[in-house]
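See below for the structure under consideration.
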Amino acid sequence: MASSGEASLSAAMQAAQNGDAAAYRALLRDCVPVIAAMVRAKGVRGAAVDDVVQETLLTVHRARATYDPDRPFLPWLRAIAQRRAIDVLRRTGRRTREVHDPLAYEAGVDDGPLPGHALDVGERDRILTAAVARLPEGQRQAIEHIALRELSLDEAAASTGRTKGALKVNFHRALKALRTYLSSAKEGTDA
């Protein structure tokens with residue numbers, strides 16, 4: 001909403017606080033689409049939007065004396081609308097609902113793995129295992145302990161009897177060798 005809308009809403013609220021009933025009615029009427037947009041952005045859907053709008057207007061009515069005319073109106077309204085939206089989302093989120101919508105079922109996207117995904121994972125595991133096996137002993141140990149077993153450098157050094165510096169060097173050399181091998185293996189399968 002433009003700053004002129006903000007200014008007019010703020011002026012209407014100030015007039016309403018001073019007892020102007022017509023300004024108050026106009027303010028509430030003008031707030032309805034603003035509140036509806038705010039609560040839709042918060043995730044409220046369907047008939048619940050109207051419920052939240054009504055609850056927000058009631059809260060505005062009860063809390064109108066707390067509005068400070070020296071401050072912007074829309075952030076004050078947004079705070080109230082968001083709290084009412086959260087209240088409704090919490091209430092509706094606890095209830096289970098069954099929805100019969102055959103079109104949604106037909107058009108829905110399957111979130112599961114794609115067909116053949118297990119084959120792709122198995123193939124990648126096989127290629128990675130072969131690549132790690134081709135590494136020199138020091139590099140293979142560094143990859144196995146640091147990357148695959150997820151040990152810290154201290155733990156890997158204690159386990160292998162090597163220094164942390166030697167493990168770091170071997171780990172980075174192994175990563176470089178694996179990148180080279182895996183990129184060439186990928187190009188070989190794509191060709």
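Following the order of the structure tokens, first chain is A, next is B, and so on, with residues numbered from 1 inside each chain and ligands from 1 in the order they appear.
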
(message) Residues near region 173-181 of chain A, anyone? I mean within 12 Å using only C-alpha atoms, not counting same-chain ones fewer than 2 positions away, as a PyMOL selection string.
(response) chain A and resi 127-144+146-147+166-171+183-188

(request) Provide the CA of Arg84 (chain A) to CA of Thr56 (chain A) distance in Å, to one decimal place. (result) 6.2 Å

(request) Using only C-alpha atoms, determine which residues lie at most 12 Å from Asp154 (chain A), disregarding the query and same-chain residues fewer than 2 positions distant; provide the list as a list in words. (result)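 Returned residues: Ala142, His145, Ile146, Glu150, Leu151, Ser152, Ala156, Ala157, Ala158, Ser159, Thr160, Gly161, Arg162, Thr163, Lys164, Gly165, Ala166, Leu167 and Lys168 of chain A.
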
Excluding Pro72 (chain A) and any residue of its chain fewer than 3 positions from it, enumerate the residues within 12 Å of it, using only C-alpha atoms, and give them as a tab-separated table (two decimals) with N, CA and C atoms, in the first residue's frame.
chain	number	residue	atom	x	y	z
A	3	SER	N	2.28	5.20	0.50
A	3	SER	CA	2.38	5.99	1.72
A	3	SER	C	1.14	6.85	1.92
A	4	SER	N	0.46	7.25	0.81
A	4	SER	CA	-0.78	8.02	0.97
A	4	SER	C	-1.85	7.15	1.61
A	5	GLY	N	-1.87	5.85	1.29
A	5	GLY	CA	-2.80	4.93	1.93
A	5	GLY	C	-2.48	4.79	3.40
A	6	GLU	N	-1.20	4.71	3.71
A	6	GLU	CA	-0.76	4.65	5.10
A	6	GLU	C	-1.20	5.90	5.83
A	7	ALA	N	-0.99	7.05	5.19
A	7	ALA	CA	-1.34	8.33	5.83
A	7	ALA	C	-2.85	8.44	6.05
A	8	SER	N	-3.64	7.99	5.06
A	8	SER	CA	-5.09	8.10	5.21
A	8	SER	C	-5.61	7.14	6.29
A	9	LEU	N	-5.03	5.93	6.35
A	9	LEU	CA	-5.44	5.00	7.39
A	9	LEU	C	-5.05	5.52	8.77
A	10	SER	N	-3.86	6.07	8.85
A	10	SER	CA	-3.40	6.63	10.13
A	10	SER	C	-4.28	7.79	10.56
A	11	ALA	N	-4.63	8.67	9.60
A	11	ALA	CA	-5.50	9.81	9.91
A	11	ALA	C	-6.89	9.34	10.32
A	13	MET	N	-7.65	6.49	11.73
A	13	MET	CA	-7.55	5.89	13.06
A	13	MET	C	-7.48	6.98	14.13
A	14	GLN	N	-6.73	8.02	13.83
A	14	GLN	CA	-6.62	9.13	14.79
A	14	GLN	C	-7.98	9.80	14.98
A	67	TYR	N	-3.26	2.42	19.92
A	67	TYR	CA	-2.57	2.91	18.72
A	67	TYR	C	-1.99	4.30	18.99
A	68	ASP	N	-0.72	4.48	18.64
A	68	ASP	CA	-0.03	5.77	18.80
A	68	ASP	C	-0.05	6.48	17.45
A	69	PRO	N	-0.77	7.61	17.34
A	69	PRO	CA	-0.88	8.31	16.05
A	69	PRO	C	0.45	8.81	15.50
A	75	PRO	N	2.08	-1.20	10.21
A	75	PRO	CA	2.78	-2.19	11.03
A	75	PRO	C	1.99	-2.60	12.27
A	76	TRP	N	1.27	-1.66	12.86
A	76	TRP	CA	0.42	-1.96	14.02
A	76	TRP	C	-0.67	-2.95	13.61
A	77	LEU	N	-1.31	-2.67	12.47
A	77	LEU	CA	-2.36	-3.55	11.96
A	77	LEU	C	-1.78	-4.91	11.57
A	78	ARG	N	-0.62	-4.91	10.93
A	78	ARG	CA	0.01	-6.17	10.50
A	78	ARG	C	0.32	-7.06	11.71
A	79	ALA	N	0.80	-6.48	12.78
A	79	ALA	CA	1.11	-7.27	13.98
A	79	ALA	C	-0.15	-7.95	14.52

(message) Let me make sure I understand: among A:Leu148, A:Val44, A:Ala65, A:Val121, which one has the smallest atom-to-atom distance to Ala85 (chain A) if we use only C-alpha atoms?
(response)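 Result for the nearest residue to Ala85 (chain A): A:Val44.
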
(request) Rank nothing, just name the residue among A:Val53, A:Leu182, A:Ala23, A:Met38 nearest to Leu74 (chain A), using only C-alpha atoms. (result) A:Met38

(request) Determine which residues of chain A receive a DSSP assignment of alpha helix (DSSP H), computed from the backbone, and state them as an MDAnalysis selection string. (result) chainID A and resid 3:17 21:41 48:63 73:94 102:107 117:134 137:142 153:160 164:190

(message) Using only C-alpha atoms, can you tell me which of A:Asp125, A:Asp70, A:Asp50, A:Asp120 comes closest to Val88 (chain A)?
(response)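 Between A:Asp125, A:Asp70, A:Asp50, A:Asp120, the residue approaching Val88 (chain A) most closely is A:Asp50.
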